[in-house]
Amino acid sequence: MDSHTGSAAYRSVATRAVHAGKDDLTDLGLHAPPLDLSTTYPSRDAAAEAARLDAFTEGKDDGGPPIYARAANTTVRRFEQALAELEGSEASVAFASGMAALSAVLLARVAAGRPHVVAVRPLYGTSDHLLESGLLGNTTTFASAKEAPSAVTDATGLVVVETPANPTLSEAGIQELADACAPVPVCVDNTFATPALQRPLAHGAAMTLHSATKYLGGHGDVMGGVVACSEEFARALRQVRFVTGGVLHPLAGYQLHRGLATLPVRMRAQSEGAAELARRLLGHPAVSRVHYPGLDGASRPADQMAGGGAMVAFEVTGDAPALIGAVRLITPAVSLGSVDSLIQHPASISHHIMDAASRADAGIPENLIRLSVGLEDVEDLWADLDQALRAV
């Protein structure tokens with residue numbers, strides 16, 4: 001890694017999370033990263049600006065002053081540098097949302113003449129819908145992780161997998177999938193695990209994708225998306241971002257960079273609460289099945305889901321939608337990854353955009369509930385879950 005970042009000296013993810021993207025602040029006489037809200041950047045040298053504009057349109061970014069905020073922003077660059085350091089990638093490219101990030105990945109592969117995608121279900125509902133719709137010029141074959149290698153063709157430009165998956169928390173072996181599908185690049189949606197628990201690039205993935213709105217931000221008050229990848233692919237993504245305008249707002253970049261500093265601490269505490277709730281749900285009479293990494297006793301490679309994560313899914317014997325209205329402490333809302341716990345019914349909200357047949361193919365039952373565990377005391381959360389389950 002670049003010696004300027006100092007990342008080689010700091011092996012702990014907790015240390016990297018605090019300092020990533022900030023190693024130059026002392027020399028600048030600053031403690032907090034500056035917030036750059038400029039939409040345009042003045043220059044008296046038009047010829048130099050023209051040359052730099054040519055570079056931006058080719059997806060290159062030398063770290064110098066931007067010309068226009070659609071090309072680059074200094075605050076967003078700091079977040080991108082920090083996320084790349086945590087994921088162990090050469091670069092990362094930030095977008096206005098997770099869906100904007102996925103759209104850019106698809107458009108880049110279509111533009112490269114590789115429009116076919118192999119997608120491992122289940123995925124986030126809107127991701128599944130986008131892939132299936134072909135709106136961006138792609139074609140998609142849905143398959144299980146075991147079936148994915150046989151679905152690869154000469155036109156395949158991408159394999160997409162989410163592990164742990166949304167909403168069932170099913171897991172896929174990243175290294176096995178990458179090896180079996182090579183040389184086709186594998187894109188891992190790492191939103192649920194985050195680099196605090198899993199670094200897919202260390203297991204053969206070509207890129208990781210995040211809905212940064214979730215755990216990276218961590219407080220339910222910022223929206224964004226980001227892709228960690230090689231510098232070569234980052235250039236293709238920057239080209240797409242430059243012409244489509246799906247840029248991350250500087251204030252969002254500032255908030256996301258700040259959120260990274262507490263990411264390992266939050267994930268550790270939230271994962272502990274989620275694991276305890278999963279164990280208790282296993283014995284509840286109103287629960288027929290619990291989905292949580294580690295409950296099955298499966299072994300994992302080092303740093304691929306070193307913890308179970310902060311998401312729990314469970315199937316109820318009663319009225320699943322009614323459970324959402326019965327909680328009193330837990331927030332009944334879509335999304336996840338916030339410091340407060342959120343609960344939702346995937347078939348009604350996060351995966352409602354998929355038709356019933358597609359949900360069934362993805363293994364998403366109608367009685368499934370998805371719980372994002374926050375930082376509340378686990379006893380208070382259990383009391384609320386228990387009373388809601390008994391009520392319905």
# chains A, B, ... in the order shown; residues from 1 in each chain; ligands from 1

call {"tool": "residues_around", "arguments": {"residues": "stretch 207-217 of chain A", "least_positions_apart": "6", "cutoff": "9 Å", "atoms": "only C-alpha atoms", "output": "number ranges by chain"}}
result
A: 87, 89, 94, 97-99, 101-102, 185-194, 199-201, 223-230, 233, 252, 255-260, 262-263, 266-267, 335-339

call {"tool": "closest_atom_pairs", "arguments": {"of": "stretch 265-321 of chain A", "to": "stretch 353-377 of chain A", "cutoff": "9 Å", "atoms": "only C-alpha atoms", "output": "CSV"}}
result
residue,atom,partner,partner_atom,distance
A:Arg266,CA,A:Leu375,CA,7.6
A:Ala269,CA,A:Leu375,CA,6.8
A:Gln270,CA,A:Gly374,CA,5.5
A:Ser271,CA,A:Val373,CA,7.6
A:Gly273,CA,A:Val373,CA,6.8
A:Ala274,CA,A:Val373,CA,5.7
A:Leu277,CA,A:Val373,CA,8.8
A:Arg289,CA,A:Leu368,CA,9.0
A:Ala310,CA,A:Val373,CA,5.4
A:Met311,CA,A:Ser372,CA,4.8
A:Val312,CA,A:Leu371,CA,5.2
A:Ala313,CA,A:Arg370,CA,4.5
A:Phe314,CA,A:Ile369,CA,5.4
A:Glu315,CA,A:Leu368,CA,4.4
A:Val316,CA,A:Asn367,CA,5.7
A:Thr317,CA,A:Asn367,CA,7.4
A:Gly318,CA,A:Asn367,CA,8.0
A:Asp319,CA,A:Asn367,CA,7.4
A:Ala320,CA,A:Asn367,CA,5.3
A:Pro321,CA,A:Asn367,CA,8.2

call {"tool": "closest_residue", "arguments": {"among": "A:Leu329, A:His345, A:Ala388, A:Ala165", "to": "A:Tyr292", "atoms": "only C-alpha atoms"}}
result
A:Ala165

call {"tool": "atom_distance", "arguments": {"atom1": "atom CA of A:Val160", "atom2": "atom CA of A:Ala236"}}
result
17.6 Å

call {"tool": "closest_atom_pairs", "arguments": {"of": "stretch 70-169 of chain A", "to": "stretch 60-66 of chain A", "cutoff": "9 Å", "atoms": "only C-alpha atoms", "output": "CSV"}}
result
residue,atom,partner,partner_atom,distance
A:Arg70,CA,A:Pro66,CA,8.9
A:Ala71,CA,A:Pro66,CA,6.6
A:Ala72,CA,A:Pro66,CA,5.5
A:Asn73,CA,A:Pro66,CA,6.5
A:Thr74,CA,A:Pro66,CA,7.8
A:Arg77,CA,A:Gly63,CA,8.0

call {"tool": "select_by_dssp", "arguments": {"residues": "stretch 20-145 of chain A", "states": "alpha helix (DSSP H)", "output": "PyMOL selection string"}}
result
chain A and resi 25-28+46-57+74-87+98-111+125-133

call {"tool": "write_last_selection", "arguments": {"atoms": "N, CA and C atoms", "output": "short mmCIF file (atom, residue, chain, number, x, y, z; two decimals), in the first residue's frame"}}
result
data_model
loop_
_atom_site.label_atom_id
_atom_site.label_comp_id
_atom_site.auth_asym_id
_atom_site.auth_seq_id
_atom_site.Cartn_x
_atom_site.Cartn_y
_atom_site.Cartn_z
N LEU A 25 -3.68 15.18 7.74
CA LEU A 25 -4.32 16.29 8.46
C LEU A 25 -3.35 17.02 9.38
N THR A 26 -2.48 16.29 10.08
CA THR A 26 -1.53 16.94 10.98
C THR A 26 -0.64 17.92 10.22
N ASP A 27 -0.16 17.50 9.05
CA ASP A 27 0.69 18.38 8.24
C ASP A 27 -0.08 19.60 7.74
N LEU A 28 -1.39 19.45 7.62
CA LEU A 28 -2.23 20.58 7.19
C LEU A 28 -2.66 21.46 8.36
N ALA A 46 -6.59 27.98 -18.70
CA ALA A 46 -7.61 27.25 -19.45
C ALA A 46 -7.02 26.03 -20.16
N ALA A 47 -5.79 26.15 -20.65
CA ALA A 47 -5.17 25.02 -21.36
C ALA A 47 -4.95 23.85 -20.40
N ALA A 48 -4.50 24.16 -19.19
CA ALA A 48 -4.30 23.10 -18.21
C ALA A 48 -5.63 22.46 -17.81
N GLU A 49 -6.65 23.30 -17.70
CA GLU A 49 -7.98 22.76 -17.37
C GLU A 49 -8.48 21.84 -18.47
N ALA A 50 -8.24 22.18 -19.71
CA ALA A 50 -8.67 21.34 -20.82
C ALA A 50 -7.98 19.98 -20.75
N ALA A 51 -6.71 19.98 -20.43
CA ALA A 51 -5.97 18.71 -20.33
C ALA A 51 -6.51 17.88 -19.17
N ARG A 52 -6.81 18.53 -18.07
CA ARG A 52 -7.33 17.80 -16.92
C ARG A 52 -8.74 17.29 -17.20
N LEU A 53 -9.52 18.05 -17.95
CA LEU A 53 -10.87 17.60 -18.31
C LEU A 53 -10.79 16.36 -19.18
N ASP A 54 -9.83 16.31 -20.09
CA ASP A 54 -9.64 15.11 -20.90
C ASP A 54 -9.34 13.91 -20.01
N ALA A 55 -8.53 14.12 -18.99
CA ALA A 55 -8.19 13.02 -18.08
C ALA A 55 -9.42 12.55 -17.32
N PHE A 56 -10.24 13.51 -16.84
CA PHE A 56 -11.45 13.14 -16.11
C PHE A 56 -12.42 12.33 -16.97
N THR A 57 -12.56 12.72 -18.23
CA THR A 57 -13.47 12.00 -19.11
C THR A 57 -12.98 10.58 -19.40
N THR A 74 -13.02 16.96 -3.27
CA THR A 74 -11.94 16.61 -2.36
C THR A 74 -12.43 15.89 -1.10
N THR A 75 -13.60 16.23 -0.61
CA THR A 75 -14.14 15.55 0.57
C THR A 75 -14.54 14.12 0.24
N VAL A 76 -15.18 13.93 -0.91
CA VAL A 76 -15.58 12.59 -1.33
C VAL A 76 -14.34 11.72 -1.57
N ARG A 77 -13.28 12.33 -2.11
CA ARG A 77 -12.04 11.58 -2.33
C ARG A 77 -11.51 10.98 -1.03
N ARG A 78 -11.61 11.72 0.06
CA ARG A 78 -11.12 11.21 1.34
C ARG A 78 -11.91 9.97 1.77
N PHE A 79 -13.22 10.02 1.60
CA PHE A 79 -14.03 8.83 1.91
C PHE A 79 -13.64 7.67 1.02
N GLU A 80 -13.45 7.92 -0.27
CA GLU A 80 -13.07 6.86 -1.20
C GLU A 80 -11.72 6.25 -0.81
N GLN A 81 -10.77 7.08 -0.44
CA GLN A 81 -9.45 6.59 -0.03
C GLN A 81 -9.59 5.72 1.22
N ALA A 82 -10.40 6.17 2.18
CA ALA A 82 -10.56 5.43 3.43
C ALA A 82 -11.23 4.09 3.20
N LEU A 83 -12.28 4.06 2.39
CA LEU A 83 -12.99 2.81 2.14
C LEU A 83 -12.09 1.83 1.39
N ALA A 84 -11.32 2.33 0.42
CA ALA A 84 -10.39 1.46 -0.31
C ALA A 84 -9.37 0.85 0.64
N GLU A 85 -8.90 1.63 1.60
CA GLU A 85 -7.93 1.12 2.56
C GLU A 85 -8.55 0.01 3.41
N LEU A 86 -9.79 0.20 3.85
CA LEU A 86 -10.45 -0.81 4.68
C LEU A 86 -10.75 -2.08 3.89
N GLU A 87 -11.11 -1.94 2.61
CA GLU A 87 -11.42 -3.11 1.80
C GLU A 87 -10.17 -3.76 1.20
N GLY A 98 -26.58 3.19 -3.29
CA GLY A 98 -26.13 1.85 -3.62
C GLY A 98 -26.60 1.42 -5.00
N MET A 99 -27.83 1.79 -5.36
CA MET A 99 -28.35 1.43 -6.68
C MET A 99 -27.62 2.17 -7.80
N ALA A 100 -27.20 3.41 -7.53
CA ALA A 100 -26.39 4.14 -8.52
C ALA A 100 -25.05 3.45 -8.72
N ALA A 101 -24.49 2.91 -7.63
CA ALA A 101 -23.23 2.19 -7.73
C ALA A 101 -23.38 0.92 -8.56
N LEU A 102 -24.44 0.14 -8.29
CA LEU A 102 -24.68 -1.08 -9.06
C LEU A 102 -24.95 -0.74 -10.53
N SER A 103 -25.71 0.31 -10.77
CA SER A 103 -26.00 0.72 -12.15
C SER A 103 -24.72 1.05 -12.91
N ALA A 104 -23.79 1.73 -12.24
CA ALA A 104 -22.53 2.09 -12.90
C ALA A 104 -21.72 0.85 -13.22
N VAL A 105 -21.71 -0.13 -12.32
CA VAL A 105 -20.99 -1.39 -12.57
C VAL A 105 -21.57 -2.08 -13.81
N LEU A 106 -22.89 -2.16 -13.88
CA LEU A 106 -23.54 -2.82 -15.02
C LEU A 106 -23.27 -2.07 -16.32
N LEU A 107 -23.38 -0.74 -16.29
CA LEU A 107 -23.14 0.05 -17.50
C LEU A 107 -21.70 -0.09 -17.98
N ALA A 108 -20.77 -0.18 -17.06
CA ALA A 108 -19.36 -0.34 -17.43
C ALA A 108 -19.13 -1.67 -18.13
N ARG A 109 -19.78 -2.72 -17.66
CA ARG A 109 -19.61 -4.04 -18.29
C ARG A 109 -20.33 -4.11 -19.64
N VAL A 110 -21.49 -3.47 -19.73
CA VAL A 110 -22.19 -3.42 -21.02
C VAL A 110 -21.34 -2.67 -22.04
N ALA A 111 -20.77 -1.54 -21.63
CA ALA A 111 -19.93 -0.74 -22.52
C ALA A 111 -18.68 -1.51 -22.96
N GLY A 125 -33.92 -6.70 -3.12
CA GLY A 125 -35.02 -6.76 -4.07
C GLY A 125 -34.87 -5.84 -5.27
N THR A 126 -34.42 -4.60 -5.06
CA THR A 126 -34.29 -3.68 -6.19
C THR A 126 -33.10 -4.05 -7.07
N SER A 127 -32.05 -4.61 -6.47
CA SER A 127 -30.94 -5.13 -7.28
C SER A 127 -31.43 -6.25 -8.18
N ASP A 128 -32.20 -7.16 -7.61
CA ASP A 128 -32.77 -8.27 -8.38
C ASP A 128 -33.63 -7.73 -9.51
N HIS A 129 -34.46 -6.74 -9.20
CA HIS A 129 -35.36 -6.16 -10.21
C HIS A 129 -34.57 -5.50 -11.33
N LEU A 130 -33.53 -4.74 -10.98
CA LEU A 130 -32.72 -4.07 -12.01
C LEU A 130 -32.05 -5.08 -12.92
N LEU A 131 -31.48 -6.12 -12.33
CA LEU A 131 -30.81 -7.14 -13.12
C LEU A 131 -31.78 -7.87 -14.05
N GLU A 132 -32.96 -8.19 -13.51
CA GLU A 132 -33.94 -8.94 -14.29
C GLU A 132 -34.56 -8.10 -15.39
N SER A 133 -34.69 -6.78 -15.16
CA SER A 133 -35.37 -5.90 -16.11
C SER A 133 -34.59 -5.69 -17.39
#

call {"tool": "atom_distance", "arguments": {"atom1": "atom CA of A:Leu169", "atom2": "atom CA of A:Asp296"}}
result
11.8 Å

call {"tool": "select_by_dssp", "arguments": {"residues": "stretch 88-233 of chain A", "states": "strand (DSSP E)", "output": "ChimeraX atom specification"}}
result
/A:91-95,116-120,139-143,156-162,186-189,207-211,225-229
